[in-house]
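Source file: structure01.cif (mmCIF, C-alpha atoms)
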```cif
data_start
loop_
_atom_site.label_atom_id
_atom_site.label_comp_id
_atom_site.auth_asym_id
_atom_site.auth_seq_id
_atom_site.Cartn_x
_atom_site.Cartn_y
_atom_site.Cartn_z
CA MET L 1 0.00 0.00 0.00
CA LEU L 2 1.31 3.40 -1.00
CA ILE L 3 0.14 6.51 0.85
CA ARG L 4 0.90 9.83 -0.79
CA PRO L 5 -0.41 13.37 -1.20
CA ALA L 6 -3.61 13.55 -3.21
CA GLU L 7 -3.41 15.23 -6.61
CA ARG L 8 -6.08 16.71 -8.79
CA ARG L 9 -6.23 13.51 -10.84
CA HIS L 10 -7.41 11.61 -7.75
CA ALA L 11 -10.60 13.68 -7.41
CA ALA L 12 -12.96 11.09 -8.90
CA ALA L 13 -11.47 8.28 -6.82
CA ILE L 14 -11.74 10.37 -3.64
CA SER L 15 -15.35 11.24 -4.42
CA ALA L 16 -16.15 7.58 -5.02
CA ILE L 17 -15.01 6.87 -1.44
CA ILE L 18 -16.28 9.86 0.52
CA VAL L 19 -19.68 10.45 -1.10
CA PRO L 20 -21.18 7.03 -0.20
CA THR L 21 -19.88 7.38 3.38
CA ILE L 22 -21.40 10.85 3.69
CA ARG L 23 -24.70 9.64 2.14
CA ARG L 24 -25.01 6.90 4.78
CA GLY L 25 -24.69 9.52 7.53
CA GLU L 26 -23.64 6.98 10.15
CA THR L 27 -20.07 7.97 10.98
CA TYR L 28 -19.46 11.60 9.99
CA SER L 29 -21.46 14.63 11.09
CA LEU L 30 -21.86 16.01 7.60
CA ASP L 31 -25.01 16.77 5.62
CA PRO L 32 -25.85 13.42 3.97
CA SER L 33 -27.37 15.27 1.00
CA MET L 34 -24.40 17.52 0.31
CA SER L 35 -23.36 17.64 -3.34
CA GLU L 36 -20.39 15.68 -4.63
CA ALA L 37 -18.64 18.97 -5.39
CA ASP L 38 -19.20 20.24 -1.84
CA ALA L 39 -17.99 16.93 -0.40
CA LEU L 40 -14.80 17.07 -2.42
CA ALA L 41 -14.31 20.76 -1.54
CA TYR L 42 -14.70 19.89 2.15
CA TRP L 43 -12.27 16.96 2.03
CA THR L 44 -9.59 18.88 0.10
CA ALA L 45 -10.11 22.37 1.59
CA SER L 46 -7.16 24.74 1.70
CA ASP L 47 -6.67 24.29 5.46
CA LYS L 48 -6.18 20.54 4.94
CA GLU L 49 -3.48 18.30 3.51
CA THR L 50 -5.17 15.35 1.82
CA PHE L 51 -3.63 11.93 1.15
CA VAL L 52 -4.67 8.85 -0.78
CA ALA L 53 -3.86 5.21 -0.05
CA GLU L 54 -3.26 3.18 -3.18
CA ASP L 55 -3.17 -0.58 -3.51
CA ASP L 56 -1.89 -1.82 -6.87
CA GLY L 57 -2.64 1.65 -8.26
CA VAL L 58 -6.24 1.65 -7.01
CA VAL L 59 -7.26 4.29 -4.46
CA VAL L 60 -8.62 2.35 -1.47
CA GLY L 61 -8.65 5.11 1.13
CA THR L 62 -8.13 8.80 1.77
CA TYR L 63 -7.41 10.98 4.75
CA PHE L 64 -6.84 14.62 5.63
CA ILE L 65 -4.79 16.35 8.30
CA ARG L 66 -5.18 19.96 9.43
CA PRO L 67 -4.61 22.15 12.48
CA ASN L 68 -7.61 21.55 14.75
CA GLN L 69 -7.64 25.18 15.87
CA PRO L 70 -5.95 28.37 14.72
CA GLY L 71 -3.91 30.50 17.10
CA GLY L 72 -2.90 28.99 20.43
CA GLY L 73 -4.29 25.57 19.56
CA ARG L 74 -2.62 25.08 16.19
CA HIS L 75 -0.07 22.60 17.54
CA VAL L 76 -2.89 20.02 17.78
CA CYS L 77 -3.90 18.40 14.52
CA ASN L 78 -7.14 16.79 13.44
CA CYS L 79 -7.60 14.05 10.85
CA GLY L 80 -10.44 12.36 9.01
CA TYR L 81 -10.15 8.94 7.33
CA MET L 82 -12.39 7.09 4.91
CA THR L 83 -11.87 3.69 3.32
CA SER L 84 -13.40 2.27 0.16
CA ALA L 85 -16.21 -0.15 0.99
CA VAL L 86 -14.62 -2.79 -1.23
CA ALA L 87 -11.38 -2.56 0.77
CA ALA L 88 -12.98 -2.71 4.23
CA GLY L 89 -11.33 -5.00 6.74
CA ARG L 90 -7.94 -4.95 5.07
CA GLY L 91 -6.26 -2.58 7.50
CA VAL L 92 -6.45 0.48 5.28
CA ALA L 93 -7.66 2.79 8.07
CA ARG L 94 -4.94 1.52 10.40
CA ARG L 95 -2.26 2.14 7.79
CA MET L 96 -3.59 5.62 7.09
CA CYS L 97 -3.74 6.51 10.79
CA GLU L 98 -0.20 5.24 11.36
CA HIS L 99 0.90 7.33 8.38
CA SER L 100 -0.88 10.39 9.73
CA LEU L 101 0.69 10.02 13.18
CA ALA L 102 4.17 9.82 11.67
CA TYR L 103 3.42 12.72 9.33
CA ALA L 104 2.02 14.81 12.19
CA ARG L 105 5.20 14.28 14.21
CA SER L 106 7.32 15.21 11.21
CA ARG L 107 5.36 18.44 10.86
CA GLY L 108 5.90 19.36 14.50
CA TYR L 109 2.38 18.76 15.76
CA ARG L 110 2.33 17.95 19.47
CA ALA L 111 -1.02 16.13 19.66
CA MET L 112 -3.77 14.66 17.50
CA GLN L 113 -7.46 15.13 18.30
CA PHE L 114 -10.61 13.54 16.91
CA ASN L 115 -13.47 15.88 17.74
CA PHE L 116 -16.46 13.72 17.01
CA VAL L 117 -16.17 9.92 16.92
CA VAL L 118 -19.68 8.47 16.77
CA SER L 119 -19.89 6.02 19.67
CA THR L 120 -21.72 3.39 17.62
CA ASN L 121 -18.74 3.24 15.26
CA GLU L 122 -17.21 0.62 17.54
CA ARG L 123 -14.67 -0.69 15.08
CA ALA L 124 -13.22 2.79 14.71
CA VAL L 125 -13.19 3.37 18.47
CA ARG L 126 -11.31 0.10 19.01
CA LEU L 127 -8.89 0.94 16.22
CA TRP L 128 -8.11 4.41 17.57
CA HIS L 129 -7.59 3.01 21.07
CA SER L 130 -5.20 0.40 19.69
CA LEU L 131 -3.25 3.19 18.01
CA GLY L 132 -2.74 5.12 21.23
CA PHE L 133 -5.75 7.41 21.42
CA GLU L 134 -7.57 7.96 24.67
CA THR L 135 -11.21 8.88 24.98
CA VAL L 136 -10.90 12.24 26.74
CA GLY L 137 -14.51 13.36 26.34
CA ARG L 138 -18.04 12.07 25.82
CA LEU L 139 -20.76 14.25 24.27
CA PRO L 140 -24.15 12.96 25.40
CA GLN L 141 -26.62 12.35 22.57
CA ALA L 142 -24.62 14.61 20.29
CA PHE L 143 -25.24 12.63 17.11
CA LEU L 144 -28.53 11.68 15.50
CA HIS L 145 -27.81 8.30 13.95
CA PRO L 146 -30.10 7.40 11.02
CA THR L 147 -31.22 4.14 12.64
CA ALA L 148 -29.99 4.18 16.28
CA GLY L 149 -31.38 7.65 17.13
CA TYR L 150 -29.50 10.01 19.45
CA VAL L 151 -26.16 8.49 20.42
CA ASP L 152 -23.07 9.83 22.17
CA ALA L 153 -20.02 11.12 20.34
CA LEU L 154 -16.49 10.77 21.70
CA VAL L 155 -13.54 13.14 21.78
CA MET L 156 -10.31 11.17 21.31
CA TYR L 157 -6.79 12.49 21.76
CA GLN L 158 -3.15 11.56 21.93
CA LEU L 159 -0.01 13.49 22.66
CA LEU L 160 2.66 12.89 20.01
CA MET J 1 -29.35 45.38 29.66
CA LEU J 2 -30.85 44.74 26.25
CA ILE J 3 -29.69 41.76 24.19
CA ARG J 4 -30.67 41.74 20.56
CA PRO J 5 -29.52 40.61 17.12
CA ALA J 6 -26.47 42.47 15.87
CA GLU J 7 -26.95 44.76 12.91
CA ARG J 8 -24.48 46.18 10.45
CA ARG J 9 -24.34 49.44 12.41
CA HIS J 10 -22.89 47.53 15.40
CA ALA J 11 -19.79 46.47 13.48
CA ALA J 12 -17.42 49.01 15.01
CA ALA J 13 -18.66 48.33 18.54
CA ILE J 14 -18.27 44.57 18.03
CA SER J 15 -14.76 45.04 16.67
CA ALA J 16 -13.85 47.21 19.65
CA ILE J 17 -14.72 44.27 21.92
CA ILE J 18 -13.46 41.25 20.01
CA VAL J 19 -10.20 42.57 18.56
CA PRO J 20 -8.49 43.33 21.91
CA THR J 21 -9.59 39.91 23.25
CA ILE J 22 -8.19 38.16 20.18
CA ARG J 23 -4.96 40.20 20.38
CA ARG J 24 -4.37 39.05 23.97
CA GLY J 25 -4.63 35.43 22.84
CA GLU J 26 -5.39 34.15 26.33
CA THR J 27 -8.93 32.82 26.04
CA TYR J 28 -9.75 32.10 22.39
CA SER J 29 -7.81 29.85 20.03
CA LEU J 30 -7.69 32.41 17.24
CA ASP J 31 -4.72 33.96 15.50
CA PRO J 32 -3.83 36.96 17.72
CA SER J 33 -2.58 38.87 14.68
CA MET J 34 -5.69 38.39 12.54
CA SER J 35 -6.95 41.57 10.91
CA GLU J 36 -9.92 43.48 12.29
CA ALA J 37 -11.84 42.64 9.10
CA ASP J 38 -11.10 38.92 9.49
CA ALA J 39 -12.09 39.03 13.16
CA LEU J 40 -15.41 40.65 12.36
CA ALA J 41 -15.98 38.23 9.45
CA TYR J 42 -15.33 35.31 11.82
CA TRP J 43 -17.65 36.61 14.54
CA THR J 44 -20.49 37.39 12.16
CA ALA J 45 -20.03 34.55 9.65
CA SER J 46 -23.06 33.29 7.75
CA ASP J 47 -23.30 30.09 9.81
CA LYS J 48 -23.66 32.18 13.00
CA GLU J 49 -26.36 34.35 14.55
CA THR J 50 -24.68 37.22 16.35
CA PHE J 51 -26.11 39.25 19.23
CA VAL J 52 -25.08 42.38 21.09
CA ALA J 53 -25.70 43.28 24.73
CA GLU J 54 -26.42 46.98 25.22
CA ASP J 55 -26.38 48.92 28.47
CA ASP J 56 -27.82 52.42 28.17
CA GLY J 57 -27.30 52.18 24.42
CA VAL J 58 -23.63 51.19 24.75
CA VAL J 59 -22.56 47.78 23.42
CA VAL J 60 -20.92 46.01 26.38
CA GLY J 61 -20.85 42.46 25.02
CA THR J 62 -21.47 40.26 22.03
CA TYR J 63 -22.08 36.58 21.40
CA PHE J 64 -22.74 34.20 18.56
CA ILE J 65 -24.66 30.95 18.31
CA ARG J 66 -24.35 28.37 15.54
CA PRO J 67 -24.81 24.65 14.94
CA ASN J 68 -21.66 22.98 16.29
CA GLN J 69 -21.70 20.39 13.50
CA PRO J 70 -23.58 19.98 10.24
CA GLY J 71 -25.57 16.82 9.50
CA GLY J 72 -26.32 14.44 12.36
CA GLY J 73 -24.84 16.80 14.97
CA ARG J 74 -26.71 19.96 14.04
CA HIS J 75 -29.06 19.74 17.04
CA VAL J 76 -26.12 20.75 19.26
CA CYS J 77 -25.26 24.44 19.24
CA ASN J 78 -22.02 26.25 20.02
CA CYS J 79 -21.61 29.79 21.32
CA GLY J 80 -18.84 32.29 21.85
CA TYR J 81 -19.10 35.28 24.20
CA MET J 82 -16.95 38.36 24.66
CA THR J 83 -17.42 41.26 27.06
CA SER J 84 -16.05 44.76 26.86
CA ALA J 85 -13.10 45.20 29.21
CA VAL J 86 -14.72 48.30 30.72
CA ALA J 87 -17.84 46.29 31.58
CA ALA J 88 -16.02 43.31 33.12
CA GLY J 89 -17.42 41.99 36.41
CA ARG J 90 -20.91 43.33 35.83
CA GLY J 91 -22.53 40.04 34.86
CA VAL J 92 -22.59 40.69 31.13
CA ALA J 93 -21.30 37.22 30.20
CA ARG J 94 -23.81 35.59 32.53
CA ARG J 95 -26.67 37.54 30.99
CA MET J 96 -25.53 36.70 27.48
CA CYS J 97 -25.18 33.00 28.30
CA GLU J 98 -28.63 32.91 29.89
CA HIS J 99 -29.99 34.61 26.79
CA SER J 100 -28.25 32.12 24.52
CA LEU J 101 -29.58 29.13 26.47
CA ALA J 102 -33.15 30.43 26.19
CA TYR J 103 -32.66 31.30 22.54
CA ALA J 104 -31.18 27.85 21.82
CA ARG J 105 -34.18 26.16 23.38
CA SER J 106 -36.53 28.35 21.35
CA ARG J 107 -34.73 27.33 18.19
CA GLY J 108 -35.07 23.64 18.98
CA TYR J 109 -31.46 22.92 19.85
CA ARG J 110 -31.14 19.95 22.20
CA ALA J 111 -27.72 20.71 23.69
CA MET J 112 -25.04 23.40 23.89
CA GLN J 113 -21.34 22.63 23.60
CA PHE J 114 -18.22 24.70 24.22
CA ASN J 115 -15.40 23.05 22.30
CA PHE J 116 -12.38 24.75 23.73
CA VAL J 117 -12.54 26.50 27.12
CA VAL J 118 -8.98 27.40 28.13
CA SER J 119 -8.49 25.88 31.59
CA THR J 120 -6.68 28.94 32.93
CA ASN J 121 -9.80 31.01 32.23
CA GLU J 122 -11.07 30.06 35.68
CA ARG J 123 -13.72 32.74 35.93
CA ALA J 124 -15.33 31.48 32.75
CA VAL J 125 -15.14 27.85 33.87
CA ARG J 126 -16.86 28.73 37.16
CA LEU J 127 -19.48 30.77 35.35
CA TRP J 128 -20.31 28.01 32.87
CA HIS J 129 -20.54 25.46 35.68
CA SER J 130 -22.91 27.75 37.57
CA LEU J 131 -25.07 27.95 34.45
CA GLY J 132 -25.47 24.21 34.16
CA PHE J 133 -22.53 23.15 32.00
CA GLU J 134 -20.54 20.05 32.81
CA THR J 135 -16.92 19.53 31.88
CA VAL J 136 -17.25 16.46 29.65
CA GLY J 137 -13.74 16.47 28.26
CA ARG J 138 -10.19 17.63 28.95
CA LEU J 139 -7.67 18.18 26.15
CA PRO J 140 -4.15 17.86 27.58
CA GLN J 141 -1.85 20.77 26.74
CA ALA J 142 -4.08 21.73 23.83
CA PHE J 143 -3.59 25.50 24.20
CA LEU J 144 -0.38 27.50 24.13
CA HIS J 145 -1.05 30.34 26.53
CA PRO J 146 1.09 33.44 25.93
CA THR J 147 2.43 33.44 29.49
CA ALA J 148 1.42 30.12 31.11
CA GLY J 149 2.72 27.90 28.28
CA TYR J 150 0.92 24.71 27.30
CA VAL J 151 -2.29 24.37 29.30
CA ASP J 152 -5.33 22.09 29.05
CA ALA J 153 -8.53 23.06 27.30
CA LEU J 154 -11.95 21.85 28.42
CA VAL J 155 -14.98 20.63 26.53
CA MET J 156 -18.16 21.78 28.28
CA TYR J 157 -21.68 20.64 27.53
CA GLN J 158 -25.26 20.76 28.66
CA LEU J 159 -28.43 19.13 27.44
CA LEU J 160 -31.22 21.66 27.00
#
```

I need this file expressed as structure tokens, please.
Amino acid sequence: MLIRPAERRHAAAISAIIVPTIRRGETYSLDPSMSEADALAYWTASDKETFVAEDDGVVVGTYFIRPNQPGGGRHVCNCGYMTSAVAAGRGVARRMCEHSLAYARSRGYRAMQFNFVVSTNERAVRLWHSLGFETVGRLPQAFLHPTAGYVDALVMYQLL
Amino acid sequence: MLIRPAERRHAAAISAIIVPTIRRGETYSLDPSMSEADALAYWTASDKETFVAEDDGVVVGTYFIRPNQPGGGRHVCNCGYMTSAVAAGRGVARRMCEHSLAYARSRGYRAMQFNFVVSTNERAVRLWHSLGFETVGRLPQAFLHPTAGYVDALVMYQLL
């Protein structure tokens, strides 16, 4: 698996991963009906660095990294990761998160924060814990899940 | 004290409150060197509703309210409050927060979240606790305070 900075030519492949995830509305707090153009603009916004994970030349995942806050909080980064449905269960998210942690250290970030991990996304919660994140906050009923109703969201964090 | 929606004519009064607070860089994670125009654009952005608190016709405070997340998290609001230095200690922040809680309920929000309360801002932390907020998260060393160095930030929350 090769993880590298996204280029303009990856736009369609990135859209093919992020749009279905956003449409499902189960794991990210984004408008499920947002347009493909808006989704791509969000994922590759100017405050973010966006990467793709390629397997045999096929994009199987994508992630972004950005400062979580401006000003006095800009030494803490934030990331978002999405994996192609066809590549689920093959460790793509783990590889991308490991890459992002190494990249964050190389860029001088001192911590990584996930602001809003939907508590029903148990596989992700387990994965982030296994990669060194602690649950440092719990937001009661902060997410309206399409089938489970109001569920908690977690704030996860690790010093780098 | 009269709290009402900000209008274009309040721009200078709002700037006179928010710019010095941003410049100090002690309580908000915003770039202390941001321009006055950028500060005003941030405080009155299109995703926010902005209010002013007037005392005898003088603007002594301002706050905004917005959805803290889009999509499945949009029933949780987020607010920011700033008080004029000359009006400090007169309960302006308390009055604005009470106003925002009532306004949030009237708009159908189900919770209010503060994402990043600097832990050294003890007066604010006490005030938010007294108004029903719980500290639901602690972000280790997430804020670089201009004199205290790296300090924790708090996530505060209340169901409405």

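Picture a line from atom CA of L:Leu144 to atom CA of J:Gly73; it runs 6.3 Å.
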
Q) Could you list, as a PyMOL selection string, every residue of chain J that has an atom within 9 Å of an atom of chain L, counting only C-alpha atoms? A) chain J and resi 25-26+28-33+69-76+110-111+113+115+135-146+150+155-159

Can you show chain J as a short mmCIF file (atom, residue, chain, number, x, y, z; two decimals) with C-alpha atoms, in the coordinates of the input once it has been least-squares superposed onto chain L, using every C-alpha atom paired in order?
```
data_model
loop_
_atom_site.label_atom_id
_atom_site.label_comp_id
_atom_site.auth_asym_id
_atom_site.auth_seq_id
_atom_site.Cartn_x
_atom_site.Cartn_y
_atom_site.Cartn_z
CA MET J 1 0.01 0.01 0.01
CA LEU J 2 1.32 3.41 -1.00
CA ILE J 3 0.15 6.52 0.85
CA ARG J 4 0.90 9.83 -0.78
CA PRO J 5 -0.42 13.37 -1.19
CA ALA J 6 -3.62 13.55 -3.22
CA GLU J 7 -3.42 15.22 -6.59
CA ARG J 8 -6.09 16.71 -8.78
CA ARG J 9 -6.24 13.52 -10.85
CA HIS J 10 -7.42 11.61 -7.74
CA ALA J 11 -10.59 13.68 -7.43
CA ALA J 12 -12.95 11.10 -8.89
CA ALA J 13 -11.47 8.28 -6.82
CA ILE J 14 -11.74 10.37 -3.64
CA SER J 15 -15.34 11.25 -4.43
CA ALA J 16 -16.15 7.58 -5.02
CA ILE J 17 -15.02 6.87 -1.45
CA ILE J 18 -16.28 9.86 0.51
CA VAL J 19 -19.67 10.45 -1.10
CA PRO J 20 -21.20 7.05 -0.21
CA THR J 21 -19.88 7.39 3.37
CA ILE J 22 -21.40 10.86 3.69
CA ARG J 23 -24.69 9.65 2.15
CA ARG J 24 -25.01 6.91 4.79
CA GLY J 25 -24.68 9.53 7.53
CA GLU J 26 -23.65 6.98 10.15
CA THR J 27 -20.08 7.97 10.99
CA TYR J 28 -19.47 11.59 10.00
CA SER J 29 -21.46 14.62 11.11
CA LEU J 30 -21.86 16.00 7.60
CA ASP J 31 -24.99 16.76 5.64
CA PRO J 32 -25.86 13.42 3.97
CA SER J 33 -27.37 15.26 1.01
CA MET J 34 -24.39 17.51 0.31
CA SER J 35 -23.36 17.63 -3.33
CA GLU J 36 -20.39 15.67 -4.64
CA ALA J 37 -18.64 18.98 -5.39
CA ASP J 38 -19.21 20.23 -1.84
CA ALA J 39 -17.99 16.93 -0.40
CA LEU J 40 -14.79 17.07 -2.41
CA ALA J 41 -14.31 20.76 -1.55
CA TYR J 42 -14.70 19.89 2.15
CA TRP J 43 -12.26 16.97 2.02
CA THR J 44 -9.61 18.88 0.11
CA ALA J 45 -10.12 22.36 1.59
CA SER J 46 -7.17 24.74 1.70
CA ASP J 47 -6.67 24.30 5.45
CA LYS J 48 -6.19 20.54 4.95
CA GLU J 49 -3.49 18.30 3.50
CA THR J 50 -5.16 15.36 1.82
CA PHE J 51 -3.63 11.94 1.16
CA VAL J 52 -4.67 8.85 -0.77
CA ALA J 53 -3.86 5.21 -0.03
CA GLU J 54 -3.25 3.18 -3.18
CA ASP J 55 -3.16 -0.59 -3.50
CA ASP J 56 -1.89 -1.80 -6.87
CA GLY J 57 -2.63 1.65 -8.25
CA VAL J 58 -6.23 1.64 -6.99
CA VAL J 59 -7.25 4.29 -4.44
CA VAL J 60 -8.63 2.35 -1.46
CA GLY J 61 -8.64 5.12 1.14
CA THR J 62 -8.12 8.80 1.77
CA TYR J 63 -7.41 11.00 4.76
CA PHE J 64 -6.84 14.62 5.62
CA ILE J 65 -4.81 16.35 8.30
CA ARG J 66 -5.19 19.96 9.43
CA PRO J 67 -4.62 22.15 12.48
CA ASN J 68 -7.61 21.54 14.77
CA GLN J 69 -7.65 25.19 15.87
CA PRO J 70 -5.96 28.37 14.70
CA GLY J 71 -3.90 30.50 17.09
CA GLY J 72 -2.88 29.00 20.42
CA GLY J 73 -4.28 25.57 19.54
CA ARG J 74 -2.60 25.09 16.18
CA HIS J 75 -0.06 22.58 17.53
CA VAL J 76 -2.89 20.03 17.78
CA CYS J 77 -3.89 18.40 14.52
CA ASN J 78 -7.15 16.77 13.44
CA CYS J 79 -7.62 14.04 10.85
CA GLY J 80 -10.44 12.35 9.01
CA TYR J 81 -10.15 8.94 7.34
CA MET J 82 -12.39 7.09 4.91
CA THR J 83 -11.89 3.68 3.32
CA SER J 84 -13.40 2.27 0.18
CA ALA J 85 -16.21 -0.15 1.00
CA VAL J 86 -14.63 -2.80 -1.23
CA ALA J 87 -11.38 -2.57 0.75
CA ALA J 88 -12.98 -2.71 4.22
CA GLY J 89 -11.32 -5.03 6.75
CA ARG J 90 -7.93 -4.96 5.07
CA GLY J 91 -6.25 -2.58 7.50
CA VAL J 92 -6.45 0.48 5.28
CA ALA J 93 -7.66 2.79 8.08
CA ARG J 94 -4.94 1.51 10.40
CA ARG J 95 -2.27 2.15 7.79
CA MET J 96 -3.59 5.63 7.09
CA CYS J 97 -3.74 6.50 10.79
CA GLU J 98 -0.20 5.25 11.34
CA HIS J 99 0.90 7.34 8.38
CA SER J 100 -0.88 10.40 9.74
CA LEU J 101 0.68 10.02 13.19
CA ALA J 102 4.18 9.84 11.67
CA TYR J 103 3.42 12.71 9.33
CA ALA J 104 2.04 14.82 12.20
CA ARG J 105 5.19 14.28 14.21
CA SER J 106 7.32 15.23 11.21
CA ARG J 107 5.37 18.44 10.86
CA GLY J 108 5.90 19.37 14.50
CA TYR J 109 2.39 18.76 15.75
CA ARG J 110 2.33 17.94 19.46
CA ALA J 111 -1.01 16.14 19.65
CA MET J 112 -3.78 14.67 17.49
CA GLN J 113 -7.46 15.12 18.29
CA PHE J 114 -10.61 13.53 16.90
CA ASN J 115 -13.48 15.87 17.72
CA PHE J 116 -16.47 13.72 17.01
CA VAL J 117 -16.16 9.92 16.91
CA VAL J 118 -19.68 8.47 16.77
CA SER J 119 -19.89 6.02 19.67
CA THR J 120 -21.74 3.40 17.62
CA ASN J 121 -18.75 3.24 15.26
CA GLU J 122 -17.23 0.61 17.54
CA ARG J 123 -14.68 -0.68 15.08
CA ALA J 124 -13.22 2.79 14.72
CA VAL J 125 -13.20 3.37 18.48
CA ARG J 126 -11.31 0.10 19.01
CA LEU J 127 -8.89 0.93 16.23
CA TRP J 128 -8.11 4.40 17.57
CA HIS J 129 -7.60 3.00 21.07
CA SER J 130 -5.21 0.40 19.69
CA LEU J 131 -3.26 3.19 18.01
CA GLY J 132 -2.73 5.11 21.22
CA PHE J 133 -5.76 7.40 21.41
CA GLU J 134 -7.57 7.96 24.67
CA THR J 135 -11.22 8.88 24.96
CA VAL J 136 -10.91 12.24 26.73
CA GLY J 137 -14.50 13.34 26.33
CA ARG J 138 -18.04 12.07 25.82
CA LEU J 139 -20.75 14.25 24.26
CA PRO J 140 -24.16 12.96 25.40
CA GLN J 141 -26.62 12.35 22.56
CA ALA J 142 -24.62 14.63 20.29
CA PHE J 143 -25.23 12.62 17.10
CA LEU J 144 -28.52 11.68 15.48
CA HIS J 145 -27.81 8.31 13.93
CA PRO J 146 -30.11 7.40 11.02
CA THR J 147 -31.22 4.15 12.66
CA ALA J 148 -29.98 4.19 16.28
CA GLY J 149 -31.36 7.66 17.13
CA TYR J 150 -29.50 10.01 19.45
CA VAL J 151 -26.16 8.49 20.42
CA ASP J 152 -23.06 9.83 22.17
CA ALA J 153 -20.01 11.11 20.33
CA LEU J 154 -16.48 10.77 21.69
CA VAL J 155 -13.53 13.12 21.77
CA MET J 156 -10.30 11.17 21.30
CA TYR J 157 -6.79 12.48 21.77
CA GLN J 158 -3.15 11.56 21.93
CA LEU J 159 0.00 13.49 22.66
CA LEU J 160 2.65 12.89 20.02
#
```

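Distances from L:Met96, L:Ile18, L:Gly57, L:Tyr63 to L:Ser84 were compared using all atoms listed in the file, and the smallest one belongs to L:Ile18.
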
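In this model, the gap between atom CA of J:Ala37 and atom CA of J:Ala12 comes to 10.3 Å.
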
**Q.** Residues matched by the PyMOL selection byres ((chain L and resi 16) around 12), written as a ChimeraX atom specification
**A.** /L:10-15,17-23,36-37,39-40,58-62,82-86
